[in-house]
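S.K.: What follows is entry-v4.txt, made up of compact mmCIF, C-alpha atoms and all ligand atoms:
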```
# COMPACT_ATOMS: atom_id res chain seq x y z
CA MET A 119 15.42 7.91 -13.08
CA ILE A 120 18.81 6.83 -14.47
CA GLU A 121 18.58 5.27 -17.92
CA VAL A 122 20.74 2.18 -18.22
CA LEU A 123 21.26 1.00 -21.77
CA PRO A 124 20.69 -2.71 -22.35
CA ILE A 125 23.63 -4.82 -23.37
CA GLN A 126 22.86 -5.53 -27.01
CA SER A 127 26.22 -6.71 -28.24
CA SER A 128 26.29 -10.12 -26.60
CA VAL A 129 24.30 -12.84 -28.22
CA ILE A 130 22.53 -15.77 -26.64
CA THR A 131 22.62 -18.59 -29.11
CA LYS A 132 19.91 -21.21 -29.36
CA GLU A 133 22.34 -23.66 -27.82
CA SER A 134 23.34 -21.83 -24.67
CA ALA A 135 22.65 -18.78 -22.55
CA ASN A 136 25.64 -17.09 -20.92
CA PRO A 137 25.61 -14.90 -17.80
CA GLY A 138 24.43 -11.32 -18.12
CA LYS A 139 21.53 -12.08 -20.37
CA LEU A 140 17.78 -12.07 -20.60
CA ILE A 141 15.56 -15.15 -20.73
CA VAL A 142 11.87 -14.93 -21.55
CA LEU A 143 9.52 -17.67 -20.40
CA THR A 144 6.07 -17.55 -21.97
CA GLY A 145 3.12 -19.89 -22.27
CA PRO A 146 -0.62 -19.86 -21.74
CA SER A 147 -2.14 -19.24 -18.35
CA GLY A 148 -2.34 -22.52 -16.42
CA VAL A 149 0.44 -24.25 -18.34
CA GLY A 150 2.60 -24.50 -15.22
CA LYS A 151 5.13 -21.74 -15.98
CA GLY A 152 5.08 -20.57 -12.37
CA THR A 153 5.89 -24.01 -10.95
CA LEU A 154 8.64 -24.57 -13.52
CA MET A 155 9.99 -21.14 -12.71
CA ARG A 156 10.08 -21.80 -8.97
CA SER A 157 11.98 -25.06 -9.46
CA LEU A 158 14.42 -23.39 -11.82
CA LEU A 159 15.11 -20.64 -9.28
CA GLN A 160 15.63 -23.14 -6.47
CA ARG A 161 18.05 -25.19 -8.53
CA HIS A 162 19.90 -22.21 -10.05
CA PRO A 163 20.32 -19.42 -7.51
CA GLU A 164 22.38 -17.50 -10.06
CA LEU A 165 19.14 -16.72 -11.91
CA TYR A 166 17.44 -13.41 -11.12
CA TYR A 167 13.66 -13.49 -11.30
CA SER A 168 12.07 -10.21 -12.23
CA VAL A 169 9.00 -9.53 -10.07
CA SER A 170 6.34 -7.93 -12.26
CA VAL A 171 3.89 -5.16 -11.48
CA THR A 172 0.18 -5.89 -11.95
CA THR A 173 -3.25 -4.39 -11.41
CA ARG A 174 -4.77 -7.84 -10.83
CA PHE A 175 -5.98 -8.57 -7.29
CA PRO A 176 -3.73 -10.91 -5.31
CA ARG A 177 -4.80 -14.56 -5.25
CA ALA A 178 -4.90 -16.41 -1.94
CA GLY A 179 -1.35 -16.84 -0.66
CA GLU A 180 0.24 -14.33 -3.01
CA ILE A 181 2.58 -11.85 -1.39
CA ASP A 182 3.12 -8.25 -2.50
CA GLY A 183 6.72 -7.79 -3.61
CA LYS A 184 7.31 -11.53 -3.98
CA ASN A 185 4.75 -12.78 -6.51
CA TYR A 186 3.96 -9.36 -7.93
CA TYR A 187 3.88 -5.72 -6.96
CA PHE A 188 0.12 -5.17 -6.75
CA ILE A 189 -0.91 -1.63 -7.66
CA GLY A 190 -4.00 0.24 -8.91
CA ARG A 191 -4.73 1.03 -12.55
CA SER A 192 -4.09 4.76 -12.32
CA LYS A 193 -0.69 4.18 -10.70
CA PHE A 194 0.16 1.64 -13.39
CA GLU A 195 -0.84 4.07 -16.12
CA GLN A 196 1.31 6.75 -14.52
CA LEU A 197 4.35 4.43 -14.41
CA MET A 198 3.64 3.42 -18.01
CA ALA A 199 3.57 7.08 -19.10
CA GLU A 200 6.84 7.67 -17.27
CA GLY A 201 8.49 4.85 -19.23
CA GLU A 202 9.10 2.74 -16.14
CA PHE A 203 8.30 -0.54 -17.88
CA LEU A 204 10.63 -2.54 -20.07
CA GLU A 205 7.48 -4.08 -21.52
CA TRP A 206 3.85 -4.15 -20.49
CA ALA A 207 0.60 -5.70 -21.66
CA GLU A 208 -3.05 -5.95 -20.80
CA PHE A 209 -4.03 -9.53 -20.08
CA ALA A 210 -7.54 -10.77 -19.24
CA GLY A 211 -8.58 -7.29 -18.10
CA ASN A 212 -5.49 -6.41 -16.05
CA TYR A 213 -2.20 -4.68 -16.71
CA TYR A 214 1.12 -6.46 -16.23
CA GLY A 215 4.57 -4.91 -16.62
CA THR A 216 8.28 -5.53 -16.08
CA PRO A 217 10.12 -2.86 -14.06
CA ARG A 218 12.71 -1.42 -16.43
CA GLU A 219 15.40 -0.12 -14.12
CA THR A 220 15.74 -3.19 -11.88
CA VAL A 221 16.02 -5.56 -14.82
CA LEU A 222 18.54 -3.45 -16.74
CA ASN A 223 20.66 -3.03 -13.62
CA GLN A 224 20.70 -6.78 -13.07
CA ILE A 225 21.61 -7.52 -16.67
CA ASN A 226 24.33 -4.90 -16.68
CA SER A 227 25.81 -6.38 -13.52
CA GLY A 228 26.14 -9.72 -15.26
CA LYS A 229 23.03 -11.54 -14.04
CA LEU A 230 20.97 -14.01 -15.98
CA VAL A 231 17.54 -12.42 -15.70
CA VAL A 232 14.33 -14.38 -16.24
CA LEU A 233 11.01 -12.80 -17.20
CA GLU A 234 7.86 -14.90 -16.93
CA ILE A 235 5.53 -12.93 -19.19
CA GLU A 236 2.74 -13.31 -21.75
CA LEU A 237 2.97 -13.13 -25.53
CA GLU A 238 2.59 -9.38 -26.19
CA GLY A 239 5.30 -8.58 -23.66
CA ALA A 240 7.56 -11.28 -25.10
CA ARG A 241 7.15 -9.68 -28.53
CA GLN A 242 8.15 -6.28 -27.15
CA ILE A 243 11.24 -7.84 -25.57
CA ARG A 244 12.17 -9.44 -28.88
CA VAL A 245 12.30 -5.94 -30.39
CA SER A 246 14.23 -4.27 -27.56
CA PHE A 247 16.44 -7.29 -26.76
CA PRO A 248 16.96 -9.28 -29.95
CA SER A 249 19.52 -11.40 -28.11
CA ALA A 250 17.09 -12.56 -25.42
CA PHE A 251 16.55 -16.32 -25.33
CA SER A 252 12.87 -17.16 -25.51
CA ILE A 253 11.09 -20.28 -24.33
CA PHE A 254 7.45 -21.17 -24.94
CA ILE A 255 5.78 -23.70 -22.65
CA LEU A 256 2.99 -25.72 -24.26
CA PRO A 257 0.30 -27.79 -22.53
CA PRO A 258 -0.03 -31.47 -23.53
CA SER A 259 -3.48 -30.56 -24.93
CA PHE A 260 -6.01 -27.74 -24.79
CA GLU A 261 -8.37 -29.91 -22.73
CA GLU A 262 -5.65 -30.47 -20.15
CA LEU A 263 -4.98 -26.72 -20.01
CA GLU A 264 -8.66 -25.98 -19.34
CA LYS A 265 -8.66 -28.61 -16.59
CA ARG A 266 -5.60 -27.03 -14.96
CA ILE A 267 -7.04 -23.51 -15.08
CA ARG A 268 -10.33 -24.70 -13.56
CA SER A 269 -8.69 -26.83 -10.87
CA ARG A 270 -6.82 -23.75 -9.64
CA GLY A 271 -10.29 -22.64 -8.49
CA GLN A 272 -9.22 -19.03 -8.10
CA ASP A 273 -10.60 -17.35 -11.17
CA SER A 274 -14.17 -16.37 -11.99
CA GLU A 275 -15.96 -18.06 -14.91
CA GLU A 276 -15.50 -14.86 -16.92
CA ALA A 277 -11.77 -14.74 -16.16
CA ILE A 278 -11.45 -18.42 -17.10
CA ALA A 279 -13.16 -17.81 -20.44
CA ARG A 280 -10.86 -14.86 -21.18
CA ARG A 281 -7.78 -16.87 -20.22
CA LEU A 282 -8.82 -19.79 -22.43
CA HIS A 283 -9.44 -17.49 -25.39
CA ARG A 284 -6.07 -15.85 -24.87
CA ALA A 285 -4.41 -19.27 -24.47
CA GLU A 286 -5.61 -20.29 -27.94
CA GLU A 287 -4.08 -17.14 -29.43
CA GLU A 288 -0.81 -17.58 -27.56
CA ILE A 289 -0.37 -21.23 -28.56
CA LYS A 290 -0.66 -20.21 -32.22
CA ALA A 291 2.42 -18.02 -31.70
CA ALA A 292 4.60 -20.70 -30.08
CA HIS A 293 6.75 -20.96 -33.23
CA GLU A 294 7.97 -17.37 -32.71
CA PHE A 295 10.05 -18.56 -29.74
CA ASP A 296 13.57 -20.03 -29.78
CA ILE A 297 12.37 -23.28 -28.23
CA GLN A 298 9.01 -24.88 -27.37
CA ILE A 299 8.69 -27.24 -24.43
CA VAL A 300 5.63 -29.37 -23.69
CA ASN A 301 4.82 -29.46 -19.99
CA ASP A 302 3.37 -32.96 -19.86
CA ASP A 303 5.80 -34.56 -17.45
CA PHE A 304 7.09 -31.84 -15.10
CA GLU A 305 10.59 -33.30 -14.55
CA THR A 306 11.13 -33.75 -18.28
CA ALA A 307 10.03 -30.19 -19.00
CA LEU A 308 12.34 -28.84 -16.29
CA HIS A 309 15.24 -30.89 -17.61
CA ASP A 310 14.61 -29.64 -21.16
CA ILE A 311 14.65 -26.01 -20.01
CA GLU A 312 17.86 -26.58 -18.06
CA ALA A 313 19.46 -28.27 -21.06
CA ALA A 314 18.55 -25.30 -23.26
CA LEU A 315 19.86 -22.74 -20.75
CA PHE A 316 22.90 -24.41 -19.29
CA GLY A 317 23.81 -27.06 -21.86
P1 LIG A 401 -1.46 -14.37 -13.75
O1 LIG A 401 -2.58 -13.42 -13.57
O2 LIG A 401 -1.95 -15.78 -14.01
O3 LIG A 401 -0.44 -14.32 -12.64
O4 LIG A 401 -0.67 -13.94 -15.06
C1 LIG A 401 -1.34 -13.79 -16.27
C2 LIG A 401 -0.33 -13.71 -17.39
O5 LIG A 401 0.44 -12.51 -17.28
C3 LIG A 401 0.68 -14.87 -17.39
O6 LIG A 401 0.80 -15.35 -18.72
C4 LIG A 401 1.95 -14.22 -16.92
O7 LIG A 401 3.09 -14.85 -17.46
C5 LIG A 401 1.79 -12.83 -17.51
N1 LIG A 401 2.65 -11.83 -16.87
C6 LIG A 401 3.07 -11.78 -15.59
N2 LIG A 401 3.87 -10.72 -15.40
C7 LIG A 401 3.95 -10.09 -16.59
C8 LIG A 401 4.65 -8.92 -17.05
O8 LIG A 401 5.37 -8.24 -16.33
N3 LIG A 401 4.49 -8.58 -18.35
C9 LIG A 401 3.71 -9.29 -19.21
N4 LIG A 401 3.64 -8.88 -20.47
N5 LIG A 401 3.06 -10.39 -18.82
C10 LIG A 401 3.17 -10.78 -17.53
```
When written as structure tokens, how does the structure in this file appear?
M.R.:
Amino acid sequence: MIEVLPIQSSVITKESANPGKLIVLTGPSGVGKGTLMRSLLQRHPELYYSVSVTTRFPRAGEIDGKNYYFIGRSKFEQLMAEGEFLEWAEFAGNYYGTPRETVLNQINSGKLVVLEIELEGARQIRVSFPSAFSIFILPPSFEELEKRIRSRGQDSEEAIARRLHRAEEEIKAAHEFDIQIVNDDFETALHDIEAALFG
């Protein structure tokens, strides 16, 4: 595989993100990151969304290659050992990772690349891409988050418990991010993200 070095010289300030950069969107499971992400992509076709690799089973309606690349654990571990991930983490019993080569190629060709990833991965990106602009999405309350995770109706009770535990830990780290946005009113949250990214 060809190693492409990340562009480290250009800096994304807290005020604006210029083309050819990396944006990290993080927040607890169920906070609505996916929906915000989809709206952002529709409204800003210049954004490149990095499709992650995971060992989790597809949920109803999820498409391989669009929502995730769904693979088995041993294949994931092989790719991990080969250094194919820009970052990876284990979350609620499954592996998740960002394909290194695709993302670096997109950044190096001037794209604004968005990663929708959990906390551990976001921390790895902060080390390898100090200039990445990071956004943390917060729920209006923990009770509301639990309601949203349950209403999705697609996770087992055990998975829900793991996700809620992890959510508590993630929320404690929200201050590590460049900006924090509360997803109470969807339109307001979307507008706040756009204002942070595009001024
Ligand atoms: P879900 O199973 O609900 O789709 O995702 C669980 C968590 O994994 C979410 O917080 C999501 O943002 C995160 N995630 C998805 N893809 C990646 C990835 O490539 N790397 C990391 N570190 N987290 C990811």
S.K.: Work out how far CA of Ser147 in chain A is from CA of Arg281 in chain A, in Å to one decimal.
M.R.: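 About the pair CA of Arg281 in chain A and CA of Ser147 in chain A: they are 6.4 Å apart.
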S.K.: Which is closer to ligand LIG 401 (chain A) than all the others in A:Leu315, A:Ile225, A:Ile297, A:Val142, using only C-alpha atoms and all ligand atoms?
M.R.: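 Among the listed residues, A:Val142 lies closest to ligand LIG 401 (chain A).
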S.K.: Mind checking which residues fall within 8 Å of Gly148 in chain A, counting all atoms listed in the file, ignoring those fewer than 5 positions away in the same chain, and posting them as a list in words?
M.R.: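 That gives Leu263, Glu264, Arg266 and Ile267 of chain A.
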S.K.: Which residues form the shell of 6 Å around ligand LIG 401 (chain A) when you count all atoms listed in the file, given as a ChimeraX atom specification?
M.R.: /A:146-147,170-171,206-207,214-216,234-236,238-239
S.K.: Which residue is closest to Arg174 in chain A? Choose from A:Leu154, A:Leu140, A:Ala210, A:Ile243 and count all atoms listed in the file.
M.R.: A:Ala210
S.K.: Find the residue from A:Thr153, A:Gln196, A:Gln224, A:Asn212 that sits nearest to Leu165 in chain A; use all atoms listed in the file when measuring.
M.R.: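 When distances to Leu165 in chain A are compared using all atoms listed in the file, the smallest one comes from A:Gln224.
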S.K.: If we draw a sphere of 12 Å around (0.1, -19.4, -29.2), which residues have at least one atom in it when counting only C-alpha atoms? Please report them as number ranges by chain.
M.R.: A: 144-147, 149, 236-238, 240, 254-257, 260, 282-295, 298
S.K.: Taking C-alpha atoms for each residue, export the selection above as a compact mmCIF listing (two decimals), in the coordinates of the input.
M.R.:
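This went into selection24.txt:
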```txt
# COMPACT_ATOMS: atom_id res chain seq x y z
CA THR A 144 6.07 -17.55 -21.97
CA GLY A 145 3.12 -19.89 -22.27
CA PRO A 146 -0.62 -19.86 -21.74
CA SER A 147 -2.14 -19.24 -18.35
CA VAL A 149 0.44 -24.25 -18.34
CA GLU A 236 2.74 -13.31 -21.75
CA LEU A 237 2.97 -13.13 -25.53
CA GLU A 238 2.59 -9.38 -26.19
CA ALA A 240 7.56 -11.28 -25.10
CA PHE A 254 7.45 -21.17 -24.94
CA ILE A 255 5.78 -23.70 -22.65
CA LEU A 256 2.99 -25.72 -24.26
CA PRO A 257 0.30 -27.79 -22.53
CA PHE A 260 -6.01 -27.74 -24.79
CA LEU A 282 -8.82 -19.79 -22.43
CA HIS A 283 -9.44 -17.49 -25.39
CA ARG A 284 -6.07 -15.85 -24.87
CA ALA A 285 -4.41 -19.27 -24.47
CA GLU A 286 -5.61 -20.29 -27.94
CA GLU A 287 -4.08 -17.14 -29.43
CA GLU A 288 -0.81 -17.58 -27.56
CA ILE A 289 -0.37 -21.23 -28.56
CA LYS A 290 -0.66 -20.21 -32.22
CA ALA A 291 2.42 -18.02 -31.70
CA ALA A 292 4.60 -20.70 -30.08
CA HIS A 293 6.75 -20.96 -33.23
CA GLU A 294 7.97 -17.37 -32.71
CA PHE A 295 10.05 -18.56 -29.74
CA GLN A 298 9.01 -24.88 -27.37
```
S.K.: Ranking A:Asp182, A:Asp310, A:Glu305, A:Glu202 by minimum distance to Val169 in chain A and counting only C-alpha atoms, which one comes first?
M.R.: A:Asp182
S.K.: Of the candidates A:Ala250, A:Ile189, A:Ala178, A:Leu197, which shows the shortest atom-to-atom distance to Val232 in chain A, using all atoms listed in the file?
M.R.: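 Of the candidates, the smallest distance to Val232 in chain A is held by A:Ala250.
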S.K.: Give me, please, the distance in Å between CA of Glu164 in chain A and CA of Val231 in chain A, quoted to one decimal.
M.R.: 9.0 Å
